[in-house]
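Report on the structure given below.
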Amino acid sequence: MANKHIDLQDFFRDPEKISFQLSPDGEHIAFLAPFNGRLNVHVQHRDGGEVRVLSTQSTRNIAGLTWANSSLVLYVRDIGGDENWQLFVSDIHDGSERCLTPFPGVRSQVVDVLEDVEEEILLSMNQRDPTCFDVYRCTLSSGALECICENPGSLSNWRTDHDGVVRCASHTDGVNSSIYYRDSADDEWRELLRSNFKESATALGFSYDNRQLYVINTIGRNTAAIQLLDPATARIGEVLFANENYDMDFLMMSDHRKCVLGAGYWADKAEYIVTDALAQKRFATVRSLLPDQNISFSSTSRDERWWIVVASDPRQPASYYLYDDEKATIRHLADARPWLHSEELSPVEPVRYTSRDGLLIHGYLCIPKGAVAKNMPVVINPHGGPWARDYWQFDPTVQFLASRGFAVMQMNFRGSTGYGRQFWQASFKQWGRTMQNDISDAVQWLVAEGIADPARVAILGGSYGGYAVLAGLAFTPELYCCGVDIVGVSNLFTFRASVPEYWKPANDMLDEMIGDPIADKDLLREVSPYFHADNISVPLLVFQGARDPRVNIAESDQIVGALRAKGVEVEYVVKDDEGHGFVNQENRLEMYHTMERFLVQHLKPSDA
């Protein structure tokens, strides 16, 4: 049975409404929705009524929002994809809109909204020194900025206590990773805990008495556990939450009741460990109202009566609900993409296979709705990062490809996060080697299972996934009939030389994780697709943002130039107003239209 044809725009045009956030008093809800051709901030009363536009950006989508207080909304956007985030504020009553950090080339982010201080927030910026970030107190009414914590070196990931005092940060010298701490705003910073970056403790926040730190810890462990770190003794205490196979991912806390609610992690699907009785009751009630879906509580009023609940699964884009904890009732607010219907989309199932050296690899396989999983055209879709992972959740690219008759395979190759320290470390200096073998072994598994037609396998990915595309075509050209590279690395020497300034303190760490451009020059040359362009002979489609700060446009220019010089079919699409990926709707739609034509031409699905 063939899929119903779903228009490409339905997958990739801007969502109708996303990113719902409750005001601290629970009276209003802010969210992102299209306006002026971009995602902008809107606000509406909790009970409905008039929707008002708070931001009026026309060149770039708003990338994120939060409430400063019950009257002011904060949000960020960059310029053309440069990732130098500028922070804005809008008043929900008079609609005024101001930029708080109008500094070219400076990256800013919120550190603490200071719930008990109506007119002030804390933010960080690298204005003084592009390699590191200082903390500023910002007066929202005037926009005045006061540096309250000048970075003593290269501290990052600032953490405040529950009184809004900056007292914790992290530091890396490129090899060693440390938690830094101070007893008060008047005390000197001191190194609290040091470890090699290969095993570390990361501060999540303070206990409610402000005396201890919750940390995610892998020191002396394989999988990350949530534990308490006592600054008085510099010792990590008993394990609070852990799983023997998967890393703990987040801690759930109640600021209103000042207690820990539980924690969560990702196995094949999201898993929760809820220890608080009231939270257990809330979870049980919401799960009964929204069964068989991924559930998360994304926002709450300060009194924790009102909650924003997000429900989704691989066949359902995010749906947003307002939950009344007092009455145990729920009300539908919006669907991110109401024009997509789960019954018309394709199932995604967790799968596992064993790599050639015996490592268990987890992944997700999407078979087009109604199709028989035999002798199919397949798109291999390795994720970016590479120290990230794929999840069991809605992915518009996967569903779009499935709707066009392609099976889609995503794999969490070695180095993917969430599977423990040993699995992560197995990726060190393995770009293009065992990491790539894990991807190649997915192809072989699909062929052995009879799912894939070996003559109709493509590889598509972005960022590190784009590197994996080029590596796959260069090092295992027999596996693929074509490739789609989105902002991918082609030359590890030029990639390492062109990273943003604020990445440079981590260069020694990257030397160990990727390879030292001097000491490991033979290795980097061996695994850089640019130097093996002669092996690539199948058609390639490349997308690149001209302002990409992570993967410089030179990465794509080099591989495209080398392939065209030897007569390989290469289609190259560059957008001057984009960075690391295509964000603007018109560019995104063009990219997928081009991709569809390319893949249909070379994979020849029966539904085409």
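By convention in this document, the chains of the structure tokens carry letters A, B, ... by their order, each chain's residues are numbered from 1, and ligands are numbered from 1 in the order they are shown.
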
| field | Surrounding residues of Tyr391 in chain A excluding itself and chain neighbours under 2 positions, 9 Å, only C-alpha atoms, as JSON, numbers by chain | value | {"A": [266, 267, 268, 269, 270, 363, 364, 389, 393, 394]}

Save the residues we just selected, C-alpha atoms, as a short mmCIF file (atom, residue, chain, number, x, y, z; two decimals), in the first residue's frame?
```
data_model
loop_
_atom_site.label_atom_id
_atom_site.label_comp_id
_atom_site.auth_asym_id
_atom_site.auth_seq_id
_atom_site.Cartn_x
_atom_site.Cartn_y
_atom_site.Cartn_z
CA TRP A 266 17.08 8.02 27.60
CA ALA A 267 17.24 4.33 26.80
CA ASP A 268 15.53 3.46 23.50
CA LYS A 269 12.79 5.79 24.75
CA ALA A 270 12.57 8.38 27.54
CA GLY A 363 19.47 2.76 16.38
CA TYR A 364 16.07 3.58 14.92
CA ARG A 389 22.65 11.00 19.83
CA GLN A 393 10.95 11.33 18.66
CA PHE A 394 9.39 13.13 15.72
#
```

| query | Near Glu188 in chain A, counting only C-alpha atoms, which residues have an atom at most 12 Å away, once you skip same-chain residues fewer than 6 positions from it, shown as a list of chain:residue names? | reply |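 In the requested format, the answer is A:Cys149, A:Glu150, A:Asn151, A:Pro152, A:Val166, A:Arg167, A:Cys168, A:Tyr180, A:Tyr181, A:Arg182.
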
| request: For range 328-340 of chain A, please output as a list in words all residues within 6 Å (counting only C-alpha atoms; exclusion window: fewer than 4 positions along the same chain). | output: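 My reading of the contact set: Pro15, Glu16, Lys17, Ile18, Ala318, Ser319, Tyr320, Tyr321, Leu322, Tyr323 and Asp324 of chain A.
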
| message | Need the shell around Ser195 in chain A: protein/DNA/RNA residues with any atom at most 10 Å away, counting only C-alpha atoms. Skip same-chain ones fewer than 3 positions apart. Format as a PyMOL selection string? | response | chain A and resi 172+175-179+198-201+218-219

| Which of range 378-548 of chain A counts as alpha helix (DSSP H) under DSSP, as an MDAnalysis selection string please? | chainID A and resid 396:403 421:425 434:448 464:475 492:497 507:513 521:527

Give me the residues of range 106-202 of chain A that have any atom at most 8 Å from an atom of range 80-86 of chain A; for each, the nearest atom pair and the distance in Å, rounded to one decimal. Use only C-alpha atoms, sort by chain and number, and format it as JSON lines.
```
{"residue": "A:Val106", "atom": "CA", "partner": "A:Asn84", "partner_atom": "CA", "distance": 5.4}
{"residue": "A:Arg107", "atom": "CA", "partner": "A:Asn84", "partner_atom": "CA", "distance": 4.1}
{"residue": "A:Ser108", "atom": "CA", "partner": "A:Trp85", "partner_atom": "CA", "distance": 5.4}
{"residue": "A:Gln109", "atom": "CA", "partner": "A:Trp85", "partner_atom": "CA", "distance": 7.1}
```

Could you write those residues out with C-alpha atoms, as a PDB file, in the first residue's frame?
```pdb
ATOM      1  CA  VAL A 106      29.364  39.091  20.864  1.00  0.00           C
ATOM      2  CA  ARG A 107      27.551  36.013  22.135  1.00  0.00           C
ATOM      3  CA  SER A 108      25.228  36.357  25.122  1.00  0.00           C
ATOM      4  CA  GLN A 109      22.960  34.098  27.139  1.00  0.00           C
TER       5      GLN A 109
END
```

| message | Please determine, counting only C-alpha atoms, which residue among A:Phe598, A:Tyr592, A:Tyr265, A:Phe250 has the shortest atom-to-atom distance to Gly420 in chain A. | response |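 Going through A:Phe598, A:Tyr592, A:Tyr265, A:Phe250 one by one, the smallest distance to Gly420 in chain A is for A:Tyr265.
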
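Shortest separation to Glu120 in chain A among A:Gly143, A:Gly465, A:Gly579, A:Gly105 occurs at residue A:Gly143, atoms counted being only C-alpha atoms.
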
| Exercise: Gly26 in chain A partners within 12 Å, only C-alpha atoms, chain neighbours under 6 positions left out, as a list in words |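 Counting only the stated atoms, we get Gln44, His45, Arg46, Asp47, Trp67, Asn69, Ser70, Ser71, Ser299, Thr300, Ser301, Arg302, Asp303, Glu304, Arg305, Trp306, Trp307, Ile308, Leu322, Tyr323 and Asp324 of chain A.
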
| query | Between CA of Thr101 in chain A and CA of Arg137 in chain A, what is the spacing in Å? | reply | 12.0 Å

Which neighbours of range 347-351 of chain A fall inside 12 Å, counting only C-alpha atoms, when residues of the same chain fewer than 6 positions from it are skipped, and could you give them as a compact mmCIF listing (two decimals) with C-alpha atoms, in the first residue's frame?
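The file below, out_12.txt, is the result:
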```txt
# COMPACT_ATOMS: atom_id res chain seq x y z
CA ALA A 267 17.24 4.33 26.80
CA ASP A 268 15.53 3.46 23.50
CA LYS A 269 12.79 5.79 24.75
CA ASP A 313 6.21 10.45 19.50
CA PRO A 314 7.95 9.68 16.17
CA ARG A 315 4.64 9.91 14.29
CA GLN A 316 3.31 12.94 16.17
CA LEU A 360 26.25 -3.31 20.55
CA ILE A 361 24.88 -0.38 18.51
CA HIS A 362 21.43 1.09 19.15
CA GLY A 363 19.47 2.76 16.38
CA TYR A 364 16.07 3.58 14.92
CA LEU A 365 14.58 2.23 11.70
CA CYS A 366 11.71 3.91 9.88
CA ILE A 367 9.89 1.83 7.27
CA PRO A 368 7.46 3.74 5.02
CA LYS A 369 3.86 3.32 6.10
CA GLY A 370 2.28 0.30 4.44
CA ALA A 371 5.53 -0.87 2.86
CA ALA A 373 10.55 -4.10 4.53
CA ASP A 390 19.40 10.29 18.03
CA TYR A 391 16.16 9.91 19.99
CA TRP A 392 12.81 8.18 19.60
CA GLN A 393 10.95 11.33 18.66
CA PHE A 394 9.39 13.13 15.72
CA ASP A 395 11.97 13.98 13.06
CA VAL A 398 12.92 11.04 8.64
CA GLN A 399 9.16 11.24 8.08
CA ALA A 402 9.73 7.78 4.47
CA SER A 403 6.80 9.52 2.79
CA ALA A 407 13.47 3.44 4.57
CA VAL A 408 15.59 5.52 6.97
CA MET A 409 18.24 4.16 9.33
CA GLN A 410 19.62 6.24 12.22
CA MET A 411 22.35 4.73 14.37
CA ASN A 412 23.96 5.84 17.62
CA ALA A 442 24.41 -0.68 9.70
CA TRP A 445 23.02 -5.40 8.65
CA LEU A 446 20.18 -3.94 6.57
```

| said: Using only C-alpha atoms, can you tell me which of A:Thr56, A:Asn61, A:Ser170, A:Asn245 comes closest to Asp14 in chain A? | reply: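 Between A:Thr56, A:Asn61, A:Ser170, A:Asn245, the residue approaching Asp14 in chain A most closely is A:Asn61.
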
| task | Give me every strand (DSSP E or B) residue in range 29-104 of chain A, going by DSSP on the backbone, as a PyMOL selection string. | result | chain A and resi 29-35+38-45+48-53+64-67+72-77+86-91+97-99

Once you have the residues from the selection above, write them out as a PDB file, in the first residue's frame, restricted to C-alpha atoms.
```
ATOM      1  CA  ILE A  29       1.582  31.961  28.031  1.00  0.00           C
ATOM      2  CA  ALA A  30       4.337  33.014  25.633  1.00  0.00           C
ATOM      3  CA  PHE A  31       5.145  30.978  22.529  1.00  0.00           C
ATOM      4  CA  LEU A  32       6.748  31.175  19.084  1.00  0.00           C
ATOM      5  CA  ALA A  33       4.619  31.449  15.936  1.00  0.00           C
ATOM      6  CA  PRO A  34       5.143  32.841  12.423  1.00  0.00           C
ATOM      7  CA  PHE A  35       4.987  36.622  11.930  1.00  0.00           C
ATOM      8  CA  ARG A  38       9.823  34.352  10.782  1.00  0.00           C
ATOM      9  CA  LEU A  39       9.147  32.664  14.126  1.00  0.00           C
ATOM     10  CA  ASN A  40       8.396  35.476  16.558  1.00  0.00           C
ATOM     11  CA  VAL A  41       7.273  35.717  20.174  1.00  0.00           C
ATOM     12  CA  HIS A  42       3.530  35.858  20.865  1.00  0.00           C
ATOM     13  CA  VAL A  43       1.618  36.050  24.149  1.00  0.00           C
ATOM     14  CA  GLN A  44      -1.898  35.111  25.208  1.00  0.00           C
ATOM     15  CA  HIS A  45      -3.788  34.909  28.479  1.00  0.00           C
ATOM     16  CA  GLY A  48      -7.385  32.269  25.766  1.00  0.00           C
ATOM     17  CA  GLY A  49      -8.507  35.473  24.107  1.00  0.00           C
ATOM     18  CA  GLU A  50      -6.428  37.928  22.091  1.00  0.00           C
ATOM     19  CA  VAL A  51      -3.013  36.810  20.838  1.00  0.00           C
ATOM     20  CA  ARG A  52      -0.468  39.623  20.759  1.00  0.00           C
ATOM     21  CA  VAL A  53       2.842  39.764  18.875  1.00  0.00           C
ATOM     22  CA  GLY A  64      14.512  30.649  22.267  1.00  0.00           C
ATOM     23  CA  LEU A  65      12.481  32.469  24.919  1.00  0.00           C
ATOM     24  CA  THR A  66      11.961  32.638  28.675  1.00  0.00           C
ATOM     25  CA  TRP A  67      10.165  34.896  31.146  1.00  0.00           C
ATOM     26  CA  LEU A  72       8.686  40.752  30.513  1.00  0.00           C
ATOM     27  CA  VAL A  73       9.707  38.060  28.029  1.00  0.00           C
ATOM     28  CA  LEU A  74      13.346  37.453  27.036  1.00  0.00           C
ATOM     29  CA  TYR A  75      14.358  35.955  23.699  1.00  0.00           C
ATOM     30  CA  VAL A  76      17.433  35.529  21.501  1.00  0.00           C
ATOM     31  CA  ARG A  77      18.345  35.583  17.846  1.00  0.00           C
ATOM     32  CA  GLN A  86      21.672  38.834  20.962  1.00  0.00           C
ATOM     33  CA  LEU A  87      19.280  39.059  23.902  1.00  0.00           C
ATOM     34  CA  PHE A  88      15.997  40.980  23.581  1.00  0.00           C
ATOM     35  CA  VAL A  89      13.208  41.856  26.008  1.00  0.00           C
ATOM     36  CA  SER A  90       9.534  42.668  25.342  1.00  0.00           C
ATOM     37  CA  ASP A  91       6.854  43.990  27.666  1.00  0.00           C
ATOM     38  CA  GLU A  97      10.818  45.563  22.255  1.00  0.00           C
ATOM     39  CA  ARG A  98      14.489  46.297  23.043  1.00  0.00           C
ATOM     40  CA  CYS A  99      17.846  44.630  22.429  1.00  0.00           C
TER      41      CYS A  99
END
```

| said: I need the residue nearest Val260 in chain A from this list: A:Ala232, A:Tyr214, A:Asp112, A:Ala224. Use only C-alpha atoms for the distance. | reply: A:Tyr214
